[in-house]
$ cat structure05.txt   # compact mmCIF, C-alpha atoms
# COMPACT_ATOMS: atom_id res chain seq x y z
CA MET A 280 143.18 122.51 130.93
CA SER A 281 139.48 122.65 131.69
CA THR A 282 137.07 123.03 128.79
CA SER A 283 136.02 126.55 129.71
CA ALA A 284 139.61 127.70 130.02
CA ARG A 285 140.36 126.18 126.63
CA MET A 286 137.35 127.90 125.10
CA ILE A 287 138.54 131.28 126.36
CA VAL A 288 142.17 130.75 125.34
CA VAL A 289 141.41 129.47 121.84
CA LEU A 290 138.82 132.10 121.00
CA THR A 291 141.01 134.88 122.40
CA LEU A 292 143.96 133.67 120.35
CA ILE A 293 141.90 133.48 117.15
CA VAL A 294 140.51 136.97 117.66
CA THR A 295 143.93 138.41 118.49
CA ILE A 296 145.58 136.91 115.44
CA SER A 297 142.69 138.04 113.27
CA GLY A 298 143.00 141.58 114.64
CA GLY A 299 146.74 141.57 113.95
CA VAL A 300 146.31 140.32 110.39
CA LEU A 301 143.62 142.88 109.66
CA SER A 302 145.47 145.85 111.11
CA SER A 303 148.61 145.09 109.09
CA TRP A 304 146.51 144.50 105.94
CA ASP A 305 144.73 147.78 106.58
CA SER A 306 147.95 149.75 106.92
CA TYR A 307 148.97 148.33 103.53
CA THR A 308 145.70 148.98 101.68
CA ALA A 309 144.41 152.14 103.40
CA PRO A 310 146.80 154.56 101.60
CA LYS A 311 145.82 153.03 98.24
CA ILE A 312 142.11 153.35 99.00
CA GLN A 313 142.67 156.92 100.16
CA GLN A 314 144.55 157.61 96.93
CA HIS A 315 141.62 156.35 94.81
CA ARG A 316 139.23 158.60 96.72
CA LEU A 317 141.46 161.60 96.16
CA VAL A 318 141.82 160.90 92.43
CA GLU A 319 138.06 160.46 92.19
CA LEU A 320 137.51 163.78 93.96
CA ARG A 321 140.03 165.59 91.74
CA THR A 322 138.55 164.17 88.53
CA ALA A 323 135.06 165.15 89.64
CA ILE A 324 136.16 168.70 90.47
CA ALA A 325 137.99 168.97 87.14
CA ASP A 326 134.82 167.83 85.37
CA VAL A 327 132.56 170.39 86.94
CA LEU A 328 135.01 173.31 87.02
CA PRO A 329 136.59 173.02 83.56
CA GLU A 330 138.48 176.32 83.89
CA HIS A 331 140.21 175.50 87.14
CA ASP A 332 143.88 174.75 87.46
CA ARG A 333 144.00 173.87 91.15
CA TYR A 334 141.62 174.08 94.06
CA ASP A 335 141.58 175.05 97.73
CA GLU A 336 139.51 173.28 100.31
CA LEU A 337 137.32 175.59 102.32
CA THR A 338 136.12 173.63 105.32
CA LEU A 339 132.96 175.12 106.76
CA PRO A 340 131.02 173.74 109.73
CA ALA A 341 128.28 172.29 107.51
CA GLN A 342 130.29 171.14 104.47
CA THR A 343 133.49 171.44 102.50
CA LEU A 344 133.60 173.74 99.48
CA TYR A 345 136.28 173.39 96.82
CA VAL A 346 137.29 176.78 95.48
CA GLY A 347 138.75 176.35 92.01
CA ARG A 348 141.46 178.76 90.88
CA ASN A 349 142.97 179.33 87.47
CA ALA A 350 146.70 179.33 86.72
CA ALA A 351 146.94 182.96 87.84
CA GLY A 352 145.37 182.09 91.21
CA GLU A 353 142.10 183.91 90.63
CA PRO A 354 139.00 182.07 91.84
CA VAL A 355 136.98 180.73 88.89
CA GLY A 356 134.27 178.73 90.59
CA ILE A 357 133.16 176.68 93.53
CA ALA A 358 132.53 172.93 93.62
CA PHE A 359 130.74 171.04 96.36
CA ILE A 360 129.07 167.69 96.92
CA ALA A 361 125.27 167.69 97.00
CA LYS A 362 123.44 164.73 98.50
CA GLY A 363 119.80 163.78 98.70
CA SER A 364 117.19 161.13 98.03
CA GLY A 365 116.66 159.80 94.56
CA PHE A 366 114.06 157.31 93.40
CA GLN A 367 115.62 154.42 95.34
CA GLY A 368 118.54 155.60 97.42
CA VAL A 369 120.90 158.46 97.98
CA ILE A 370 122.21 160.35 94.97
CA SER A 371 125.39 162.33 95.48
CA ILE A 372 126.45 164.88 92.91
CA MET A 373 129.51 167.07 92.47
CA VAL A 374 128.19 170.49 91.51
CA GLY A 375 130.28 173.25 89.96
CA VAL A 376 129.07 176.83 90.06
CA GLY A 377 130.48 180.26 89.26
CA MET A 378 131.78 182.47 92.09
CA ASP A 379 128.48 184.39 92.27
CA PHE A 380 126.43 181.16 92.47
CA SER A 381 124.28 182.28 89.53
CA GLY A 382 125.27 179.83 86.80
CA LEU A 383 126.30 176.17 86.91
CA THR A 384 129.56 175.17 85.24
CA GLY A 385 128.83 171.45 85.36
CA ILE A 386 127.57 168.53 87.42
CA LYS A 387 128.79 164.99 87.87
CA VAL A 388 126.81 162.23 89.55
CA LEU A 389 129.15 160.45 91.97
CA GLU A 390 126.85 157.86 93.49
CA GLN A 391 123.38 156.62 92.67
CA ILE A 392 121.35 153.42 92.75
CA GLU A 393 118.54 154.47 90.42
CA THR A 394 116.67 151.97 88.22
CA PRO A 395 119.09 150.54 85.63
CA GLY A 396 118.19 151.69 82.13
CA LEU A 397 115.83 154.44 83.31
CA GLY A 398 117.04 156.44 86.29
CA THR A 399 120.67 155.66 85.50
CA LYS A 400 120.31 157.97 82.51
CA ILE A 401 121.12 160.77 84.97
CA VAL A 402 124.69 159.47 84.52
CA SER A 403 124.60 158.30 80.93
CA ASP A 404 122.02 157.27 78.37
CA PRO A 405 123.41 154.55 76.06
CA ALA A 406 120.25 154.68 73.92
CA HIS A 407 121.07 158.26 72.98
CA LYS A 408 123.87 157.45 70.54
CA ALA A 409 124.81 161.02 69.63
CA ASN A 410 125.44 162.13 73.21
CA PRO A 411 124.94 159.59 76.02
CA SER A 412 125.58 162.23 78.69
CA TRP A 413 122.97 164.66 77.40
CA PHE A 414 121.22 164.84 80.77
CA PRO A 415 124.13 165.98 82.97
CA GLU A 416 125.42 168.22 80.17
CA GLN A 417 122.16 170.18 80.17
CA PHE A 418 123.22 171.67 83.46
CA VAL A 419 126.26 173.43 81.99
CA GLY A 420 125.37 177.12 81.86
CA VAL A 421 122.00 176.71 83.55
CA GLN A 422 120.97 179.75 85.58
CA THR A 423 120.19 179.09 89.23
CA GLU A 424 118.08 182.16 90.05
CA PRO A 425 115.37 181.88 91.32
CA GLU A 426 115.81 178.10 90.96
CA ILE A 427 116.35 175.36 88.40
CA THR A 428 113.13 173.79 87.14
CA VAL A 429 112.35 170.52 85.37
CA ILE A 430 110.15 170.53 82.28
CA LYS A 431 108.59 167.73 80.25
CA ASN A 432 107.55 167.24 76.61
CA ARG A 433 108.98 170.51 75.26
CA PRO A 434 112.44 171.91 74.70
CA PRO A 435 113.74 174.24 77.43
CA ALA A 436 112.64 177.82 76.86
CA ALA A 437 114.23 179.67 79.78
CA LYS A 438 117.82 179.59 81.02
CA THR A 439 116.72 177.95 84.26
CA GLU A 440 115.04 174.93 82.66
CA VAL A 441 116.31 171.41 82.12
CA GLN A 442 114.48 168.63 80.35
CA ALA A 443 113.36 165.53 82.28
CA ILE A 444 114.36 162.02 81.22
CA THR A 445 111.45 160.15 79.67
CA GLY A 446 110.48 157.34 82.04
CA ALA A 447 112.60 158.73 84.86
CA THR A 448 110.82 161.91 85.87
CA ILE A 449 111.31 161.21 89.57
CA SER A 450 115.07 160.74 89.17
CA SER A 451 115.29 163.90 87.03
CA ARG A 452 113.33 165.93 89.58
CA ALA A 453 115.41 164.46 92.41
CA VAL A 454 118.67 165.58 90.78
CA VAL A 455 117.34 169.11 90.32
CA LYS A 456 115.95 169.29 93.85
CA ILE A 457 119.21 168.04 95.34
CA ILE A 458 121.15 170.65 93.37
CA ASN A 459 118.74 173.49 94.25
CA ASP A 460 118.79 172.67 97.96
CA ALA A 461 122.55 172.22 98.17
CA LEU A 462 123.14 175.37 96.14
CA ARG A 463 121.09 177.49 98.54
CA GLN A 464 122.95 175.97 101.49
CA ALA A 465 126.38 176.38 99.88
CA LYS A 466 125.66 179.97 98.92
CA SER A 467 124.63 181.03 102.41
CA ASP A 468 127.47 179.06 104.00
CA TYR A 469 130.00 180.62 101.67
CA GLN A 470 128.72 184.15 102.12
CA SER A 471 128.64 183.90 105.90
CA SER A 472 132.20 182.53 105.85
CA LEU A 473 133.23 185.63 103.88
CA LYS A 474 131.61 187.91 106.47
CA GLN A 475 133.50 186.24 109.28
CA VAL A 476 136.81 186.81 107.54
CA SER A 477 136.18 190.49 106.80
CA MET B 1345 144.82 102.96 95.66
CA GLY B 1346 143.02 103.84 92.48
CA LYS B 1347 139.72 103.94 94.31
CA HIS B 1348 141.11 106.22 97.00
CA LYS B 1349 142.43 108.63 94.39
CA ALA B 1350 139.04 108.80 92.72
CA THR B 1351 137.35 109.81 95.95
CA VAL B 1352 139.87 112.61 96.54
CA ALA B 1353 139.15 113.97 93.06
CA HIS B 1354 135.46 113.60 93.83
CA GLU B 1355 135.81 116.09 96.73
CA PHE B 1356 136.70 118.70 94.14
CA ILE B 1357 134.33 117.69 91.35
CA LYS B 1358 131.16 117.33 93.42
CA GLY B 1359 130.89 121.08 94.02
CA LEU B 1360 130.93 121.83 90.31
CA TRP B 1361 127.73 119.95 89.47
CA ASP B 1362 126.40 117.10 91.64
CA GLU B 1363 126.39 119.13 94.86
CA ASN B 1364 126.55 122.59 93.27
CA PRO B 1365 125.93 125.12 96.06
CA VAL B 1366 123.50 127.26 94.04
CA LEU B 1367 121.84 124.84 91.61
CA ILE B 1368 121.41 121.88 93.97
CA SER B 1369 121.75 123.07 97.59
CA LEU B 1370 120.27 126.55 96.89
CA LEU B 1371 122.88 128.16 99.14
CA GLY B 1372 124.21 131.69 98.73
CA LEU B 1373 121.18 132.81 96.77
CA CYS B 1374 121.32 136.36 98.10
CA PRO B 1375 124.56 137.32 96.31
CA ALA B 1376 123.66 135.04 93.38
CA LEU B 1377 120.53 137.12 92.78
CA ALA B 1378 121.74 140.53 93.89
CA VAL B 1379 125.03 141.14 92.11
CA THR B 1380 124.62 139.23 88.86
CA ASN B 1381 123.34 142.14 86.74
CA SER B 1382 126.59 141.97 84.78
CA ALA B 1383 129.09 139.22 84.01
CA ILE B 1384 132.02 141.02 85.62
CA ASN B 1385 130.11 141.48 88.89
CA GLY B 1386 129.23 137.78 88.96
CA LEU B 1387 132.84 136.88 88.26
CA ALA B 1388 134.20 139.21 90.95
CA MET B 1389 131.72 137.98 93.55
CA GLY B 1390 132.51 134.36 92.61
CA LEU B 1391 136.25 134.93 92.94
CA ALA B 1392 135.90 136.71 96.28
CA THR B 1393 133.69 133.92 97.64
CA THR B 1394 136.06 131.22 96.35
CA PHE B 1395 138.96 132.99 98.05
CA VAL B 1396 137.09 133.27 101.35
CA VAL B 1397 135.74 129.71 101.41
CA THR B 1398 139.11 128.20 100.43
CA SER B 1399 141.23 130.17 102.91
CA SER B 1400 138.73 129.66 105.73
CA SER B 1401 138.57 125.92 105.02
CA ILE B 1402 142.37 125.59 105.15
CA ILE B 1403 142.61 127.41 108.50
CA ILE B 1404 139.55 125.78 110.08
CA SER B 1405 140.52 122.31 108.93
CA SER B 1406 144.03 122.73 110.38
CA LEU B 1407 142.57 123.99 113.65
CA ARG B 1408 139.79 121.39 113.77
CA LYS B 1409 141.32 119.55 116.74
CA VAL B 1410 142.18 122.76 118.61
CA ILE B 1411 138.87 124.62 118.48
CA PRO B 1412 136.54 123.46 121.28
CA HIS B 1413 133.16 122.26 120.05
CA GLN B 1414 131.24 124.85 122.11
CA VAL B 1415 132.86 127.89 120.51
CA ARG B 1416 133.30 126.53 117.01
CA ILE B 1417 130.69 128.73 115.30
CA ALA B 1418 132.09 131.88 116.91
CA SER B 1419 135.59 130.86 115.83
CA TYR B 1420 134.47 130.08 112.28
CA ILE B 1421 132.72 133.42 111.95
CA VAL B 1422 135.79 135.35 113.17
CA ILE B 1423 138.03 133.47 110.74
CA ILE B 1424 135.60 133.89 107.84
CA ALA B 1425 135.09 137.59 108.65
CA THR B 1426 138.86 138.12 108.66
CA PHE B 1427 139.20 136.76 105.12
CA VAL B 1428 136.13 138.67 103.94
CA THR B 1429 137.64 141.92 105.22
CA VAL B 1430 140.94 141.08 103.52
CA ALA B 1431 139.10 140.47 100.23
CA ASP B 1432 136.98 143.62 100.63
CA ARG B 1433 139.99 145.87 101.30
CA PHE B 1434 141.92 144.20 98.47
CA MET B 1435 139.17 144.99 95.97
CA ALA B 1436 138.78 148.55 97.26
CA ALA B 1437 142.54 149.12 96.93
CA PHE B 1438 143.14 147.49 93.54
CA TYR B 1439 139.78 147.29 91.75
CA PRO B 1440 137.86 150.33 93.03
CA ALA B 1441 135.28 150.25 90.21
CA ILE B 1442 134.26 146.65 90.90
CA SER B 1443 134.35 147.26 94.64
CA LYS B 1444 131.94 150.15 94.15
CA ALA B 1445 129.64 148.08 91.93
CA LEU B 1446 129.43 145.22 94.44
CA GLY B 1447 128.87 147.65 97.30
CA PRO B 1448 127.73 146.03 100.57
CA TYR B 1449 127.61 142.54 99.06
CA VAL B 1450 131.31 141.94 99.62
CA PRO B 1451 131.14 142.43 103.43
CA LEU B 1452 127.96 140.33 103.35
CA ILE B 1453 129.95 137.30 102.16
CA VAL B 1454 130.43 136.70 105.92
CA VAL B 1455 126.84 135.52 106.20
CA ASN B 1456 126.83 133.45 103.00
CA CYS B 1457 125.53 130.06 104.21
CA LEU B 1458 127.66 128.34 101.60
CA ILE B 1459 130.82 129.27 103.51
CA LEU B 1460 129.72 128.49 107.06
CA GLY B 1461 128.03 125.38 105.70
CA ARG B 1462 131.28 124.02 104.23
CA GLN B 1463 133.12 124.66 107.51
CA GLU B 1464 130.49 122.94 109.62
CA ALA B 1465 129.81 120.07 107.21
CA PHE B 1466 133.26 119.42 105.84
CA ALA B 1467 136.35 121.37 106.95
CA SER B 1468 135.75 120.70 110.66
CA LYS B 1469 135.76 116.92 110.04
CA ASN B 1470 138.32 116.40 107.28
CA PRO B 1471 142.06 116.81 106.75
CA VAL B 1472 143.46 119.97 105.19
CA GLY B 1473 144.03 118.58 101.67
CA ARG B 1474 140.49 117.31 101.25
CA SER B 1475 139.01 120.45 102.80
CA LEU B 1476 140.98 122.55 100.35
CA LEU B 1477 139.68 120.55 97.38
CA ASP B 1478 136.14 120.60 98.71
CA ALA B 1479 136.23 124.37 99.23
CA LEU B 1480 137.81 125.01 95.82
CA GLY B 1481 135.16 122.88 94.10
CA MET B 1482 132.32 124.58 95.95
CA GLY B 1483 133.77 128.04 95.34
CA LEU B 1484 134.27 127.39 91.63
CA GLY B 1485 130.80 125.84 91.36
CA PHE B 1486 129.41 129.03 92.91
CA LEU B 1487 131.56 131.16 90.59
CA MET B 1488 130.39 129.28 87.48
CA VAL B 1489 126.74 129.81 88.29
CA LEU B 1490 127.21 133.48 89.14
CA PHE B 1491 129.20 134.11 85.98
CA THR B 1492 126.60 132.29 83.84
CA LEU B 1493 123.76 134.22 85.47
CA GLY B 1494 125.62 137.50 85.04
CA THR B 1495 126.35 136.69 81.39
CA ILE B 1496 122.73 135.84 80.58
CA ARG B 1497 121.41 138.89 82.37
CA GLU B 1498 123.96 141.26 80.89
CA ILE B 1499 123.47 140.06 77.30
CA LEU B 1500 119.67 140.15 77.45
CA GLY B 1501 119.41 143.18 79.72
CA SER B 1502 122.06 145.46 78.27
CA GLY B 1503 123.07 143.78 74.99
CA THR B 1504 126.68 143.67 76.18
CA PHE B 1505 129.13 141.05 77.48
CA LEU B 1506 131.89 142.25 79.81
CA THR B 1507 130.81 145.74 78.64
CA TYR B 1508 131.53 144.94 74.95
CA GLN B 1509 128.53 145.40 72.66
CA VAL B 1510 127.58 141.91 71.41
CA LEU B 1511 124.05 142.49 70.16
CA GLY B 1512 123.52 145.03 67.40
CA ASP B 1513 121.38 148.15 67.29
CA TRP B 1514 118.35 146.06 66.28
CA PHE B 1515 118.25 144.62 69.79
CA HIS B 1516 116.18 146.46 72.34
CA PRO B 1517 117.55 145.52 75.82
CA TRP B 1518 115.14 143.66 78.08
CA LEU B 1519 115.47 145.98 81.04
CA VAL B 1520 113.74 143.48 83.32
CA MET B 1521 116.79 141.21 83.09
CA VAL B 1522 119.07 143.66 84.93
CA LEU B 1523 116.36 144.40 87.51
CA PRO B 1524 115.65 142.07 90.46
CA PRO B 1525 112.84 140.11 88.71
CA GLY B 1526 115.31 139.19 85.96
CA ALA B 1527 117.53 137.57 88.57
CA PHE B 1528 114.70 135.30 89.73
CA LEU B 1529 113.67 134.47 86.16
CA ALA B 1530 117.20 133.62 85.05
CA LEU B 1531 118.03 131.63 88.20
CA GLY B 1532 114.74 129.72 88.05
CA LEU B 1533 115.29 128.75 84.42
CA LEU B 1534 118.90 127.78 85.14
CA ILE B 1535 117.88 125.53 88.05
CA GLY B 1536 115.10 124.06 85.90
CA LEU B 1537 117.61 123.32 83.15
CA SER B 1538 120.04 121.65 85.57
CA ASN B 1539 117.22 119.51 87.01
CA TRP B 1540 116.17 118.51 83.51
CA ILE B 1541 119.75 117.51 82.62
CA ASN B 1542 120.01 115.49 85.84
CA ASP B 1543 116.73 113.74 85.04
CA GLN B 1544 117.97 112.84 81.58
CA ARG B 1545 121.19 111.50 83.06
CA ALA B 1546 119.30 109.45 85.64
CA LYS B 1547 117.13 107.89 82.91
CA ALA B 1548 120.09 107.07 80.68

$ encode --input "structure05.txt" --output "structure tokens"
Amino acid sequence: MSTSARMIVVLTLIVTISGGVLSSWDSYTAPKIQQHRLVELRTAIADVLPEHDRYDELTLPAQTLYVGRNAAGEPVGIAFIAKGSGFQGVISIMVGVGMDFSGLTGIKVLEQIETPGLGTKIVSDPAHKANPSWFPEQFVGVQTEPEITVIKNRPPAAKTEVQAITGATISSRAVVKIINDALRQAKSDYQSSLKQVS
Amino acid sequence: MGKHKATVAHEFIKGLWDENPVLISLLGLCPALAVTNSAINGLAMGLATTFVVTSSSIIISSLRKVIPHQVRIASYIVIIATFVTVADRFMAAFYPAISKALGPYVPLIVVNCLILGRQEAFASKNPVGRSLLDALGMGLGFLMVLFTLGTIREILGSGTFLTYQVLGDWFHPWLVMVLPPGAFLALGLLIGLSNWINDQRAKA
């Protein structure tokens, strides 16, 4: 066999075998990976909609909303994923809000690559021994009208205020901005989807 | 006979210290710096790299007479990439938390010079047994350094080891150690220490 023919045959064989190995490995691992994603999604929804018993997916053109329902089937709140820029990269947050979009029921940061020890306090603050998750927990019960605001150096006075993390003002502001923007979008998307149905 | 046996053992041992990929050859520095902000991340990256370099070396060494010289690099990369993808999917399926923490650095094992370097310098010229030992030694040498780096950075930067609190409340974590500059500081000091030890050994 000439050298060029051998080059083609050998490389083709290697690539074919590699493709075969990978596709069979993928069909074995893909369901497990999918399962982890689903569990992660369910846990996040349960965290931000504490009163829900199950949820329906409402797929809209722009995004998917998760409508939480209690045991009796009545809607208790809406959860959705909000994404935007943080200090370093993308922050994605599961946001839970009441059916009228006026008060948050909880938030959970799903992904972030903020500065370790400073910006990562948006997830948990190990230095705050009494309650490491004080920052995300501030959002429970926060009012969203006209919008959520970040304050510094004083305790929150109004129902729409949350306190910034010392040393991570940009990350704190980013979280609030991401939530405000996504909330506005989700509200208009949800309301226009209702109009279409009726 | 005895001499021959010693050289076979040497193929394994050299990667641990004398030809350590990170401390001596300065290969694979990108993952060594990027993922070692905790001991578990260093360990996971070290294990994944050891798996990839060992499996690739076995395959490439057994195919060393079949693969034409002109397409050897392309063949090596396809074989390495296959094992990297296997390792990446394995972690995502069974250790999702670690997979998430390592992020893009697992797929990037493909371009780790340590791996391609071993194929080109060793596996393509030596029988399977020796290539296996060589790759295992190099992989474990890499793992040891990453785990040590991760341990130092995690203890000083977060006060924890494998997420268990080891330093008391009196300790204020040195945040810099879990940030990128801490990686350079810790690696530089570690390489300095290994050079100093080698100097002492050479004098003795």

$ interface_residues --input "structure05.txt" --of "chain A" --to "chain B" --cutoff "8 Å" --atoms "all atoms listed in the file" --output "ChimeraX atom specification"
/A:282,285-286,289-290,293-294,297,300-301,304-305,308-309,311-312,315,394-396

$ closest_residue --input "structure05.txt" --among "B:Ala1467, B:Val1428, B:Val1472, B:Val1455" --to "Leu1373 (chain B)" --atoms "all atoms listed in the file"
B:Val1455

$ closest_residue --input "structure05.txt" --among "B:Ile1357, B:Ser1538, B:Thr1393, B:Gly1386" --to "Ile1496 (chain B)" --atoms "only C-alpha atoms"
B:Gly1386

$ atom_distance --input "structure05.txt" --atom1 "CA of Leu1367 (chain B)" --atom2 "CA of Ile1535 (chain B)"
5.4 Å

$ closest_residue --input "structure05.txt" --among "B:Gly1481, B:Gly1503, B:Pro1448, B:Gly1532" --to "Pro1375 (chain B)" --atoms "all atoms listed in the file"
B:Pro1448

$ residues_around --input "structure05.txt" --residues "Thr1492 (chain B)" --least-positions-apart "3" --cutoff "10 Å" --atoms "only C-alpha atoms" --output "PDB file with C-alpha atoms, keeping the file's coordinate frame"
ATOM      1  CA  THR B1380     124.620 139.230  88.860  1.00  0.00           C
ATOM      2  CA  SER B1382     126.590 141.970  84.780  1.00  0.00           C
ATOM      3  CA  ALA B1383     129.090 139.220  84.010  1.00  0.00           C
ATOM      4  CA  GLY B1386     129.230 137.780  88.960  1.00  0.00           C
ATOM      5  CA  LEU B1387     132.840 136.880  88.260  1.00  0.00           C
ATOM      6  CA  LEU B1487     131.560 131.160  90.590  1.00  0.00           C
ATOM      7  CA  MET B1488     130.390 129.280  87.480  1.00  0.00           C
ATOM      8  CA  VAL B1489     126.740 129.810  88.290  1.00  0.00           C
ATOM      9  CA  THR B1495     126.350 136.690  81.390  1.00  0.00           C
ATOM     10  CA  ILE B1496     122.730 135.840  80.580  1.00  0.00           C
ATOM     11  CA  ARG B1497     121.410 138.890  82.370  1.00  0.00           C
ATOM     12  CA  GLU B1498     123.960 141.260  80.890  1.00  0.00           C
ATOM     13  CA  ALA B1530     117.200 133.620  85.050  1.00  0.00           C
ATOM     14  CA  LEU B1531     118.030 131.630  88.200  1.00  0.00           C
ATOM     15  CA  LEU B1534     118.900 127.780  85.140  1.00  0.00           C
TER      16      LEU B1534
END

$ build_atoms --input "structure05.txt" --residues "region 431-455 of chain A" --atoms "N, CA and C atoms" --output "PDB file, keeping the file's coordinate frame"
ATOM      1  N   LYS A 431     108.838 168.973  80.986  1.00  0.00           N
ATOM      2  CA  LYS A 431     108.590 167.730  80.250  1.00  0.00           C
ATOM      3  C   LYS A 431     107.975 168.051  78.901  1.00  0.00           C
ATOM      4  N   ASN A 432     108.245 167.215  77.905  1.00  0.00           N
ATOM      5  CA  ASN A 432     107.550 167.240  76.610  1.00  0.00           C
ATOM      6  C   ASN A 432     107.736 168.521  75.805  1.00  0.00           C
ATOM      7  N   ARG A 433     108.696 169.359  76.134  1.00  0.00           N
ATOM      8  CA  ARG A 433     108.980 170.510  75.260  1.00  0.00           C
ATOM      9  C   ARG A 433     110.431 170.910  75.492  1.00  0.00           C
ATOM     10  N   PRO A 434     111.057 171.504  74.490  1.00  0.00           N
ATOM     11  CA  PRO A 434     112.440 171.910  74.700  1.00  0.00           C
ATOM     12  C   PRO A 434     112.518 173.061  75.704  1.00  0.00           C
ATOM     13  N   PRO A 435     113.619 173.176  76.437  1.00  0.00           N
ATOM     14  CA  PRO A 435     113.740 174.240  77.430  1.00  0.00           C
ATOM     15  C   PRO A 435     113.607 175.611  76.781  1.00  0.00           C
ATOM     16  N   ALA A 436     112.829 176.486  77.408  1.00  0.00           N
ATOM     17  CA  ALA A 436     112.640 177.820  76.860  1.00  0.00           C
ATOM     18  C   ALA A 436     113.465 178.839  77.646  1.00  0.00           C
ATOM     19  N   ALA A 437     113.497 178.704  78.966  1.00  0.00           N
ATOM     20  CA  ALA A 437     114.230 179.670  79.780  1.00  0.00           C
ATOM     21  C   ALA A 437     115.582 179.095  80.170  1.00  0.00           C
ATOM     22  N   LYS A 438     116.459 179.988  80.638  1.00  0.00           N
ATOM     23  CA  LYS A 438     117.820 179.590  81.020  1.00  0.00           C
ATOM     24  C   LYS A 438     117.864 178.743  82.288  1.00  0.00           C
ATOM     25  N   THR A 439     116.730 178.704  83.015  1.00  0.00           N
ATOM     26  CA  THR A 439     116.720 177.950  84.260  1.00  0.00           C
ATOM     27  C   THR A 439     116.131 176.561  84.087  1.00  0.00           C
ATOM     28  N   GLU A 440     115.766 176.194  82.841  1.00  0.00           N
ATOM     29  CA  GLU A 440     115.040 174.930  82.660  1.00  0.00           C
ATOM     30  C   GLU A 440     115.942 173.809  82.163  1.00  0.00           C
ATOM     31  N   VAL A 441     115.665 172.607  82.677  1.00  0.00           N
ATOM     32  CA  VAL A 441     116.310 171.410  82.120  1.00  0.00           C
ATOM     33  C   VAL A 441     115.205 170.412  81.801  1.00  0.00           C
ATOM     34  N   GLN A 442     115.490 169.565  80.810  1.00  0.00           N
ATOM     35  CA  GLN A 442     114.480 168.630  80.350  1.00  0.00           C
ATOM     36  C   GLN A 442     114.571 167.329  81.145  1.00  0.00           C
ATOM     37  N   ALA A 443     113.404 166.784  81.523  1.00  0.00           N
ATOM     38  CA  ALA A 443     113.360 165.530  82.280  1.00  0.00           C
ATOM     39  C   ALA A 443     113.675 164.351  81.358  1.00  0.00           C
ATOM     40  N   ILE A 444     114.133 163.251  81.974  1.00  0.00           N
ATOM     41  CA  ILE A 444     114.360 162.020  81.220  1.00  0.00           C
ATOM     42  C   ILE A 444     113.024 161.305  81.085  1.00  0.00           C
ATOM     43  N   THR A 445     112.688 160.882  79.868  1.00  0.00           N
ATOM     44  CA  THR A 445     111.450 160.150  79.670  1.00  0.00           C
ATOM     45  C   THR A 445     111.507 158.836  80.440  1.00  0.00           C
ATOM     46  N   GLY A 446     110.502 158.586  81.276  1.00  0.00           N
ATOM     47  CA  GLY A 446     110.480 157.340  82.040  1.00  0.00           C
ATOM     48  C   GLY A 446     111.229 157.440  83.353  1.00  0.00           C
ATOM     49  N   ALA A 447     111.868 158.588  83.610  1.00  0.00           N
ATOM     50  CA  ALA A 447     112.600 158.730  84.860  1.00  0.00           C
ATOM     51  C   ALA A 447     112.400 160.146  85.391  1.00  0.00           C
ATOM     52  N   THR A 448     111.121 160.560  85.414  1.00  0.00           N
ATOM     53  CA  THR A 448     110.820 161.910  85.870  1.00  0.00           C
ATOM     54  C   THR A 448     111.228 162.110  87.326  1.00  0.00           C
ATOM     55  N   ILE A 449     110.999 161.061  88.143  1.00  0.00           N
ATOM     56  CA  ILE A 449     111.310 161.210  89.570  1.00  0.00           C
ATOM     57  C   ILE A 449     112.814 161.393  89.763  1.00  0.00           C
ATOM     58  N   SER A 450     113.614 160.593  89.058  1.00  0.00           N
ATOM     59  CA  SER A 450     115.070 160.740  89.170  1.00  0.00           C
ATOM     60  C   SER A 450     115.505 162.116  88.682  1.00  0.00           C
ATOM     61  N   SER A 451     114.915 162.586  87.560  1.00  0.00           N
ATOM     62  CA  SER A 451     115.290 163.900  87.030  1.00  0.00           C
ATOM     63  C   SER A 451     114.957 164.995  88.039  1.00  0.00           C
ATOM     64  N   ARG A 452     113.728 164.913  88.594  1.00  0.00           N
ATOM     65  CA  ARG A 452     113.330 165.930  89.580  1.00  0.00           C
ATOM     66  C   ARG A 452     114.217 165.859  90.804  1.00  0.00           C
ATOM     67  N   ALA A 453     114.580 164.627  91.218  1.00  0.00           N
ATOM     68  CA  ALA A 453     115.410 164.460  92.410  1.00  0.00           C
ATOM     69  C   ALA A 453     116.751 165.160  92.217  1.00  0.00           C
ATOM     70  N   VAL A 454     117.365 164.954  91.037  1.00  0.00           N
ATOM     71  CA  VAL A 454     118.670 165.580  90.780  1.00  0.00           C
ATOM     72  C   VAL A 454     118.551 167.094  90.914  1.00  0.00           C
ATOM     73  N   VAL A 455     117.495 167.659  90.296  1.00  0.00           N
ATOM     74  CA  VAL A 455     117.340 169.110  90.320  1.00  0.00           C
ATOM     75  C   VAL A 455     117.075 169.607  91.733  1.00  0.00           C
TER      76      VAL A 455
END
